[in-house]
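Peer 1: Structure file structure16.csv (CSV, C-alpha atoms) is given on the next line.
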chain,number,residue,atom,x,y,z
C,1,MET,CA,9.8,41.7,3.1
C,2,MET,CA,6.1,41.7,2.4
C,3,LYS,CA,6.8,43.4,-1.0
C,4,ALA,CA,9.4,40.7,-1.7
C,5,ILE,CA,6.9,37.9,-0.9
C,6,LEU,CA,4.5,39.3,-3.4
C,7,LYS,CA,7.1,39.5,-6.2
C,8,PRO,CA,6.7,36.8,-9.0
C,9,ARG,CA,10.0,35.3,-8.0
C,10,TRP,CA,8.8,34.5,-4.5
C,11,ILE,CA,5.1,34.3,-4.7
C,12,LEU,CA,4.9,30.6,-5.6
C,13,THR,CA,7.4,29.6,-3.0
C,14,SER,CA,5.6,31.7,-0.3
C,15,LEU,CA,2.2,30.2,-1.3
C,16,LEU,CA,3.7,26.6,-1.0
C,17,VAL,CA,5.1,27.5,2.5
C,18,PHE,CA,1.7,28.9,3.7
C,19,LEU,CA,-0.1,25.8,2.4
C,20,GLY,CA,2.6,23.5,4.0
C,21,VAL,CA,2.1,25.2,7.4
C,22,GLY,CA,-1.6,24.9,7.2
C,23,ALA,CA,-1.4,21.2,6.2
C,24,LEU,CA,1.1,20.4,9.0
C,25,ILE,CA,-1.2,22.1,11.6
C,26,ARG,CA,-4.2,20.2,10.2
C,27,LEU,CA,-2.2,16.9,10.5
C,28,GLY,CA,-1.3,17.8,14.1
C,29,PHE,CA,-5.0,18.2,15.1
C,30,TRP,CA,-5.9,15.0,13.2
C,31,GLN,CA,-3.4,13.1,15.3
C,32,LEU,CA,-5.0,14.6,18.5
C,33,GLN,CA,-8.4,13.5,17.2
C,34,ARG,CA,-7.0,10.0,16.6
C,35,LEU,CA,-5.6,10.0,20.2
C,36,GLU,CA,-9.1,10.8,21.6
C,37,GLU,CA,-10.6,8.0,19.5
C,38,ARG,CA,-8.0,5.6,20.8
C,39,ARG,CA,-8.6,6.6,24.4
C,40,ALA,CA,-12.3,6.1,23.9
C,41,PHE,CA,-11.6,2.7,22.3
C,42,ASN,CA,-9.4,1.7,25.2
C,43,ALA,CA,-12.0,2.7,27.8
C,44,ARG,CA,-14.7,0.8,25.9
C,45,VAL,CA,-12.6,-2.4,25.7
C,46,LEU,CA,-11.5,-2.2,29.4
C,47,ALA,CA,-15.1,-1.8,30.4
C,48,GLN,CA,-16.2,-4.9,28.5
C,49,LEU,CA,-13.2,-6.9,29.8
C,50,ASN,CA,-14.3,-6.2,33.4
C,51,GLU,CA,-17.9,-7.1,32.8
C,52,PRO,CA,-19.2,-10.5,34.1
C,53,GLU,CA,-19.5,-13.4,31.7
C,54,ILE,CA,-22.5,-13.7,29.4
C,55,ASN,CA,-24.4,-17.0,28.9
C,56,LEU,CA,-26.0,-16.9,25.5
C,57,ASN,CA,-28.3,-19.7,26.4
C,58,ASN,CA,-30.1,-17.1,28.6
C,59,PRO,CA,-32.5,-14.5,27.1
C,60,ILE,CA,-30.5,-11.4,26.1
C,61,PRO,CA,-31.3,-8.4,23.8
C,62,VAL,CA,-29.8,-9.3,20.4
C,63,ASP,CA,-29.3,-5.6,19.4
C,64,GLY,CA,-27.2,-5.0,22.5
C,65,LEU,CA,-24.5,-7.6,21.5
C,66,LEU,CA,-22.8,-5.2,19.1
C,67,ASN,CA,-21.9,-3.0,22.0
C,68,MET,CA,-20.3,-5.9,23.9
C,69,GLU,CA,-17.2,-6.7,21.8
C,70,TYR,CA,-14.5,-8.5,23.8
C,71,ARG,CA,-16.8,-9.5,26.5
C,72,VAL,CA,-16.5,-13.1,27.7
C,73,VAL,CA,-19.3,-15.4,26.7
C,74,SER,CA,-20.3,-19.1,27.1
C,75,VAL,CA,-22.8,-21.0,25.1
C,76,ALA,CA,-24.0,-24.6,24.7
C,77,GLY,CA,-25.3,-25.9,21.4
C,78,ILE,CA,-24.7,-28.2,18.4
C,79,TYR,CA,-22.3,-27.4,15.6
C,80,ASP,CA,-23.6,-27.4,12.0
C,81,HIS,CA,-20.6,-28.5,10.1
C,82,THR,CA,-22.4,-28.6,6.8
C,83,GLN,CA,-22.4,-24.8,6.7
C,84,GLU,CA,-19.0,-23.9,8.1
C,85,VAL,CA,-16.5,-21.7,6.2
C,86,LEU,CA,-12.9,-20.8,6.4
C,87,LEU,CA,-11.2,-17.5,7.1
C,88,ARG,CA,-8.1,-16.8,5.0
C,89,ASN,CA,-4.6,-15.5,5.8
C,90,GLN,CA,-4.4,-16.7,9.4
C,91,VAL,CA,-1.0,-17.4,11.0
C,92,TRP,CA,0.0,-19.4,14.1
C,93,GLU,CA,3.6,-19.8,15.1
C,94,ASP,CA,4.7,-18.3,11.8
C,95,LYS,CA,2.8,-20.9,9.8
C,96,PRO,CA,0.1,-19.9,7.3
C,97,GLY,CA,-3.3,-21.4,7.4
C,98,TYR,CA,-7.0,-20.7,8.0
C,99,HIS,CA,-9.5,-20.3,10.8
C,100,ILE,CA,-12.6,-22.6,10.9
C,101,LEU,CA,-15.8,-20.6,11.3
C,102,THR,CA,-18.7,-23.0,12.3
C,103,PRO,CA,-22.3,-22.0,13.0
C,104,LEU,CA,-23.4,-23.2,16.5
C,105,ARG,CA,-27.2,-23.9,16.9
C,106,ILE,CA,-27.8,-22.4,20.4
C,107,GLN,CA,-29.6,-24.8,22.7
C,108,GLY,CA,-33.0,-23.6,23.7
C,109,SER,CA,-33.0,-20.7,21.1
C,110,ASN,CA,-33.9,-20.1,17.5
C,111,TRP,CA,-30.7,-18.2,17.1
C,112,SER,CA,-27.3,-19.6,16.0
C,113,VAL,CA,-23.9,-18.0,16.4
C,114,LEU,CA,-20.8,-18.2,14.2
C,115,VAL,CA,-17.8,-19.5,16.2
C,116,ASP,CA,-14.2,-18.9,15.2
C,117,ARG,CA,-12.9,-22.3,16.4
C,118,GLY,CA,-9.2,-21.6,15.6
C,119,TRP,CA,-6.3,-22.2,13.3
C,120,ILE,CA,-5.6,-25.1,10.9
C,121,SER,CA,-2.8,-25.4,8.3
C,122,LEU,CA,-3.2,-25.0,4.6
C,123,GLU,CA,-2.9,-28.7,4.1
C,124,ASP,CA,-5.5,-29.6,6.8
C,125,ALA,CA,-8.0,-27.4,5.1
C,126,ARG,CA,-8.3,-29.9,2.3
C,127,ASN,CA,-10.4,-32.2,4.6
C,128,LEU,CA,-12.3,-30.7,7.5
C,129,LYS,CA,-14.0,-34.0,8.5
C,130,PRO,CA,-11.5,-34.8,11.3
C,131,PHE,CA,-12.3,-31.5,13.0
C,132,GLU,CA,-16.0,-32.0,13.4
C,133,LEU,CA,-17.5,-32.1,16.9
C,134,PRO,CA,-20.8,-34.0,16.9
C,135,GLY,CA,-23.4,-33.6,19.7
C,136,LEU,CA,-23.9,-31.0,22.3
C,137,VAL,CA,-20.9,-28.9,23.1
C,138,THR,CA,-20.2,-26.0,25.5
C,139,ILE,CA,-17.7,-23.3,24.5
C,140,LYS,CA,-16.3,-20.2,26.0
C,141,GLY,CA,-14.8,-17.2,24.1
C,142,ARG,CA,-15.1,-13.5,23.4
C,143,LEU,CA,-17.6,-11.6,21.4
C,144,ARG,CA,-16.3,-10.0,18.3
C,145,SER,CA,-17.9,-7.6,15.9
C,146,PRO,CA,-18.0,-8.5,12.2
C,147,GLN,CA,-16.3,-6.7,9.4
C,148,THR,CA,-17.8,-5.4,6.2
C,149,LYS,CA,-14.5,-4.6,4.5
C,150,PRO,CA,-10.9,-5.6,5.0
C,151,ASP,CA,-8.3,-3.5,6.9
C,152,PHE,CA,-6.2,-1.1,4.9
C,153,GLY,CA,-4.3,-3.0,2.2
C,154,GLY,CA,-6.5,-6.1,2.6
C,155,VAL,CA,-8.3,-7.9,-0.2
C,156,PRO,CA,-12.1,-7.7,-0.3
C,157,ASP,CA,-14.2,-10.8,-0.8
C,158,PRO,CA,-15.6,-11.1,-4.3
C,159,THR,CA,-19.2,-10.2,-5.0
C,160,LEU,CA,-21.1,-13.2,-6.3
C,161,ALA,CA,-23.4,-13.1,-9.3
C,162,ALA,CA,-27.0,-14.2,-9.1
C,163,GLY,CA,-27.3,-18.0,-8.8
C,164,GLU,CA,-23.7,-18.5,-7.7
C,165,ILE,CA,-22.9,-20.8,-4.7
C,166,GLY,CA,-21.7,-18.9,-1.6
C,167,LEU,CA,-18.0,-18.5,-0.7
C,168,PHE,CA,-16.2,-21.2,1.2
C,169,ALA,CA,-13.1,-19.2,2.1
C,170,TRP,CA,-13.5,-15.6,3.2
C,171,ASN,CA,-11.0,-12.7,3.7
C,172,VAL,CA,-13.1,-11.1,6.5
C,173,VAL,CA,-15.9,-12.2,8.8
C,174,ASN,CA,-18.7,-10.4,7.0
C,175,LEU,CA,-21.7,-11.8,8.9
C,176,GLU,CA,-24.2,-9.9,6.7
C,177,ARG,CA,-23.0,-11.7,3.6
C,178,ILE,CA,-22.3,-15.1,5.4
C,179,GLN,CA,-25.9,-15.0,6.6
C,180,GLN,CA,-27.0,-15.0,2.9
C,181,GLN,CA,-25.6,-18.6,2.6
C,182,VAL,CA,-26.7,-19.9,6.0
C,183,THR,CA,-30.2,-21.3,6.3
C,184,PHE,CA,-30.9,-20.2,9.9
C,185,PRO,CA,-30.6,-16.8,11.6
C,186,LEU,CA,-27.2,-15.8,12.9
C,187,LEU,CA,-26.5,-13.4,15.8
C,188,PRO,CA,-25.0,-10.1,14.6
C,189,VAL,CA,-21.7,-10.9,16.4
C,190,TYR,CA,-19.4,-14.0,16.3
C,191,ILE,CA,-17.4,-15.8,19.0
C,192,GLN,CA,-13.6,-16.1,19.0
C,193,GLN,CA,-13.1,-19.3,21.1
C,194,GLU,CA,-10.7,-19.0,24.0
C,195,PRO,CA,-7.4,-20.9,23.8
C,196,ASN,CA,-6.7,-23.8,26.1
C,197,PRO,CA,-4.7,-22.4,29.1
C,198,ALA,CA,-2.5,-25.5,29.1
C,199,GLY,CA,-1.6,-24.9,25.4
C,200,PRO,CA,-2.9,-26.3,22.2
C,201,SER,CA,-3.7,-30.1,22.4
C,202,ALA,CA,-5.3,-30.6,19.0
C,203,LEU,CA,-6.4,-28.8,15.9
C,204,PRO,CA,-8.0,-26.4,15.4
C,205,VAL,CA,-5.9,-24.1,17.6
C,206,PRO,CA,-8.2,-21.4,19.2
C,207,THR,CA,-6.7,-17.9,19.3
C,208,ALA,CA,-8.4,-15.0,21.0
C,209,PRO,CA,-5.9,-12.2,21.2
C,210,LEU,CA,-6.8,-9.0,23.0
C,211,PRO,CA,-6.4,-5.6,21.4
C,212,GLU,CA,-3.4,-3.5,22.4
C,213,ILE,CA,-4.5,-1.1,25.2
C,214,SER,CA,-2.2,1.9,24.6
C,215,GLU,CA,-2.4,5.4,23.3
C,216,GLY,CA,0.0,4.6,20.5
C,217,SER,CA,2.2,7.3,18.9
C,218,HIS,CA,-0.5,9.8,18.2
C,219,LEU,CA,0.6,12.4,20.7
C,220,GLY,CA,4.2,12.2,19.6
C,221,TYR,CA,3.2,12.6,15.9
C,222,ALA,CA,1.0,15.6,16.8
C,223,PHE,CA,4.0,17.3,18.5
C,224,GLN,CA,6.1,16.6,15.5
C,225,PHE,CA,3.6,18.0,13.0
C,226,PHE,CA,3.2,21.2,15.2
C,227,GLY,CA,7.0,21.4,15.5
C,228,PHE,CA,7.5,21.2,11.7
C,229,ALA,CA,4.8,23.8,11.2
C,230,PHE,CA,6.5,26.2,13.7
C,231,ILE,CA,9.9,25.7,12.0
C,232,LEU,CA,8.5,26.3,8.6
C,233,ALA,CA,6.4,29.3,9.6
C,234,PHE,CA,9.3,31.1,11.4
C,235,GLY,CA,12.2,29.7,9.4
C,236,TYR,CA,10.9,30.8,6.1
C,237,PRO,CA,11.0,34.6,6.9
C,238,PHE,CA,14.5,34.2,8.2
C,239,TYR,CA,15.5,32.3,5.0
C,240,LEU,CA,13.8,35.0,2.8
C,241,ARG,CA,15.6,37.8,4.7
C,242,GLN,CA,19.0,36.1,4.1
C,243,GLN,CA,18.1,35.7,0.4
C,244,LEU,CA,17.2,39.4,0.1
C,245,LYS,CA,20.5,40.4,1.7
Just give me the structure as structure tokens.
Peer 2:
Amino acid sequence: MMKAILKPRWILTSLLVFLGVGALIRLGFWQLQRLEERRAFNARVLAQLNEPEINLNNPIPVDGLLNMEYRVVSVAGIYDHTQEVLLRNQVWEDKPGYHILTPLRIQGSNWSVLVDRGWISLEDARNLKPFELPGLVTIKGRLRSPQTKPDFGGVPDPTLAAGEIGLFAWNVVNLERIQQQVTFPLLPVYIQQEPNPAGPSALPVPTAPLPEISEGSHLGYAFQFFGFAFILAFGYPFYLRQQLK
């Protein structure tokens, strides 16, 4: 059989089989790696969900906030509606729209924090004046980490040329770039405002969904890839033997 595998008639087929087995085994281990990453993510999120609420009006190390995603926070301050922006491609009850992102000047601090105040419809985005909240407000929500690029298949925000005015509608919450068009320092995280437990009473509608805490299908996919590799590795010699007969 080894002599047959090395014959020109079979050498290309055998090479493709060997490469296929190696690729399937590699994919199996990749899925196991993804499983470990998912487990680590779940543990990190659950740890933050069980931590006590943070009050951003109290002194807190700014650098540590990036490790506190999904932790509950409260903060009092004044909204600056002159520098708010919109987040595109947001859906509520199957209706397309935007989320309003408004900087909140934190009371008693030099910092501000961007707040995702919730959903509005496409038509409502033409005039944001009715959604302004003047004076001191206190909000509660969850810390979220910013994005520098969209998820797979998403559209990145355009790069502005020198002298161009900043974007008003964004595809991702890219705080590094949003900071460039805000005139005061923003925290490196933003707040997703918690929804009203009694249900939405007015626009914008706050939405703060929690991530799915599960291991997904990674283990099942790993077994499938290893199974396909086993079938190919042991099935090919059987097939070749039948052909030689």
Peer 1: Can you tell me how far CA of Pro204 in chain C sits from CA of Trp119 in chain C, in Å to one decimal?
Peer 2: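 Distance reported for this atom pair: 5.0 Å.
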Peer 1: Per residue of range 100-162 of chain C within 7 Å of range 54-60 of chain C, which atom pair is closest and at what distance in Å (one decimal), using all atoms listed in the file, listed by chain and increasing number, as CSV?
Peer 2:
residue,atom,partner,partner_atom,distance
C:Ile106,CA,C:Asn57,CA,6.6
C:Gln107,CA,C:Asn57,CA,6.4
C:Gly108,CA,C:Asn57,CA,6.7
Peer 1: What does the structure give for the distance between CA of Phe228 in chain C and CA of Ser14 in chain C, in Å to one decimal?
Peer 2: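 Between CA of Phe228 in chain C and CA of Ser14 in chain C the gap is 16.1 Å.
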Peer 1: Around the point (-13.0, -17.6, 26.8) in the file's coordinates, collect all residues with an atom within 9 Å, using all atoms listed in the file, and return them as a ChimeraX atom specification.
Peer 2: /C:71-74,139-142,192-196,208
Peer 1: Mind running range 9-119 of chain C against range 177-183 of chain C at 10 Å and telling me each contacting residue's nearest atom pair with the distance in Å (one decimal), counting all atoms listed in the file, chain and number ascending, as a Markdown table?
Peer 2:
| residue | atom | partner | partner_atom | distance |
| --- | --- | --- | --- | --- |
| C:Thr82 | CA | C:Val182 | CA | 9.7 |
| C:Gln83 | CA | C:Val182 | CA | 6.6 |
| C:Glu84 | CA | C:Val182 | CA | 8.9 |
| C:Val85 | CA | C:Ile178 | CA | 8.8 |
| C:Pro103 | CA | C:Val182 | CA | 8.5 |
| C:Leu114 | CA | C:Ile178 | CA | 9.4 |
Peer 1: Could you rebuild range 47-79 of chain C with N, CA and C atoms and give it back as an mmCIF file, keeping the file's coordinate frame?
Peer 2:
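Saved result, selection_39.cif, follows:
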data_model
loop_
_atom_site.group_PDB
_atom_site.id
_atom_site.type_symbol
_atom_site.label_atom_id
_atom_site.label_comp_id
_atom_site.auth_asym_id
_atom_site.auth_seq_id
_atom_site.Cartn_x
_atom_site.Cartn_y
_atom_site.Cartn_z
ATOM 1 N N ALA C 47 -13.823 -1.627 29.779
ATOM 2 C CA ALA C 47 -15.100 -1.800 30.400
ATOM 3 C C ALA C 47 -15.720 -3.144 30.139
ATOM 4 N N GLN C 48 -15.601 -3.599 28.887
ATOM 5 C CA GLN C 48 -16.200 -4.900 28.500
ATOM 6 C C GLN C 48 -15.361 -6.049 29.142
ATOM 7 N N LEU C 49 -14.044 -5.880 29.241
ATOM 8 C CA LEU C 49 -13.200 -6.900 29.800
ATOM 9 C C LEU C 49 -13.527 -7.137 31.317
ATOM 10 N N ASN C 50 -13.988 -6.089 31.958
ATOM 11 C CA ASN C 50 -14.300 -6.200 33.400
ATOM 12 C C ASN C 50 -15.728 -6.576 33.688
ATOM 13 N N GLU C 51 -16.545 -6.713 32.634
ATOM 14 C CA GLU C 51 -17.900 -7.100 32.800
ATOM 15 C C GLU C 51 -18.017 -8.622 33.088
ATOM 16 N N PRO C 52 -19.054 -9.064 33.805
ATOM 17 C CA PRO C 52 -19.200 -10.500 34.100
ATOM 18 C C PRO C 52 -19.489 -11.278 32.770
ATOM 19 N N GLU C 53 -19.251 -12.568 32.826
ATOM 20 C CA GLU C 53 -19.500 -13.400 31.700
ATOM 21 C C GLU C 53 -20.930 -13.506 31.278
ATOM 22 N N ILE C 54 -21.182 -13.576 29.979
ATOM 23 C CA ILE C 54 -22.500 -13.700 29.400
ATOM 24 C C ILE C 54 -22.788 -15.151 29.058
ATOM 25 N N ASN C 55 -23.953 -15.657 29.382
ATOM 26 C CA ASN C 55 -24.400 -17.000 28.900
ATOM 27 C C ASN C 55 -25.420 -16.767 27.821
ATOM 28 N N LEU C 56 -25.056 -17.116 26.596
ATOM 29 C CA LEU C 56 -26.000 -16.900 25.500
ATOM 30 C C LEU C 56 -27.146 -17.818 25.449
ATOM 31 N N ASN C 57 -27.156 -18.805 26.327
ATOM 32 C CA ASN C 57 -28.300 -19.700 26.400
ATOM 33 C C ASN C 57 -29.459 -18.969 27.219
ATOM 34 N N ASN C 58 -29.115 -17.890 27.912
ATOM 35 C CA ASN C 58 -30.100 -17.100 28.600
ATOM 36 C C ASN C 58 -30.670 -16.021 27.708
ATOM 37 N N PRO C 59 -31.894 -15.575 27.944
ATOM 38 C CA PRO C 59 -32.500 -14.500 27.100
ATOM 39 C C PRO C 59 -31.594 -13.234 27.225
ATOM 40 N N ILE C 60 -31.295 -12.642 26.075
ATOM 41 C CA ILE C 60 -30.500 -11.400 26.100
ATOM 42 C C ILE C 60 -30.881 -10.596 24.836
ATOM 43 N N PRO C 61 -30.956 -9.264 24.955
ATOM 44 C CA PRO C 61 -31.300 -8.400 23.800
ATOM 45 C C PRO C 61 -30.258 -8.574 22.689
ATOM 46 N N VAL C 62 -30.682 -9.041 21.531
ATOM 47 C CA VAL C 62 -29.800 -9.300 20.400
ATOM 48 C C VAL C 62 -29.095 -7.996 19.972
ATOM 49 N N ASP C 63 -29.849 -6.908 19.891
ATOM 50 C CA ASP C 63 -29.300 -5.600 19.400
ATOM 51 C C ASP C 63 -28.179 -5.112 20.296
ATOM 52 N N GLY C 64 -28.199 -5.475 21.577
ATOM 53 C CA GLY C 64 -27.200 -5.000 22.500
ATOM 54 C C GLY C 64 -25.838 -5.677 22.363
ATOM 55 N N LEU C 65 -25.791 -6.800 21.641
ATOM 56 C CA LEU C 65 -24.500 -7.600 21.500
ATOM 57 C C LEU C 65 -23.452 -6.821 20.796
ATOM 58 N N LEU C 66 -23.846 -5.965 19.864
ATOM 59 C CA LEU C 66 -22.800 -5.200 19.100
ATOM 60 C C LEU C 66 -22.049 -4.259 19.949
ATOM 61 N N ASN C 67 -22.580 -3.898 21.104
ATOM 62 C CA ASN C 67 -21.900 -3.000 22.000
ATOM 63 C C ASN C 67 -21.104 -3.763 23.096
ATOM 64 N N MET C 68 -20.949 -5.075 22.927
ATOM 65 C CA MET C 68 -20.300 -5.900 23.900
ATOM 66 C C MET C 68 -19.055 -6.606 23.407
ATOM 67 N N GLU C 69 -18.427 -6.026 22.390
ATOM 68 C CA GLU C 69 -17.200 -6.700 21.800
ATOM 69 C C GLU C 69 -16.167 -6.881 22.890
ATOM 70 N N TYR C 70 -15.523 -8.043 22.850
ATOM 71 C CA TYR C 70 -14.500 -8.500 23.800
ATOM 72 C C TYR C 70 -14.997 -8.976 25.110
ATOM 73 N N ARG C 71 -16.292 -8.986 25.283
ATOM 74 C CA ARG C 71 -16.800 -9.500 26.500
ATOM 75 C C ARG C 71 -16.810 -11.039 26.491
ATOM 76 N N VAL C 72 -16.542 -11.660 27.641
ATOM 77 C CA VAL C 72 -16.500 -13.100 27.700
ATOM 78 C C VAL C 72 -17.876 -13.699 27.675
ATOM 79 N N VAL C 73 -18.044 -14.762 26.861
ATOM 80 C CA VAL C 73 -19.300 -15.400 26.700
ATOM 81 C C VAL C 73 -19.139 -16.928 26.813
ATOM 82 N N SER C 74 -20.201 -17.602 27.197
ATOM 83 C CA SER C 74 -20.300 -19.100 27.100
ATOM 84 C C SER C 74 -21.579 -19.428 26.483
ATOM 85 N N VAL C 75 -21.611 -20.578 25.825
ATOM 86 C CA VAL C 75 -22.800 -21.000 25.100
ATOM 87 C C VAL C 75 -22.761 -22.500 24.903
ATOM 88 N N ALA C 76 -23.915 -23.153 24.995
ATOM 89 C CA ALA C 76 -24.000 -24.600 24.700
ATOM 90 C C ALA C 76 -24.900 -24.729 23.444
ATOM 91 N N GLY C 77 -24.543 -25.664 22.600
ATOM 92 C CA GLY C 77 -25.300 -25.900 21.400
ATOM 93 C C GLY C 77 -24.708 -27.001 20.555
ATOM 94 N N ILE C 78 -25.182 -27.106 19.326
ATOM 95 C CA ILE C 78 -24.700 -28.200 18.400
ATOM 96 C C ILE C 78 -24.167 -27.499 17.154
ATOM 97 N N TYR C 79 -22.959 -27.889 16.778
ATOM 98 C CA TYR C 79 -22.300 -27.400 15.600
ATOM 99 C C TYR C 79 -23.030 -27.890 14.329
#
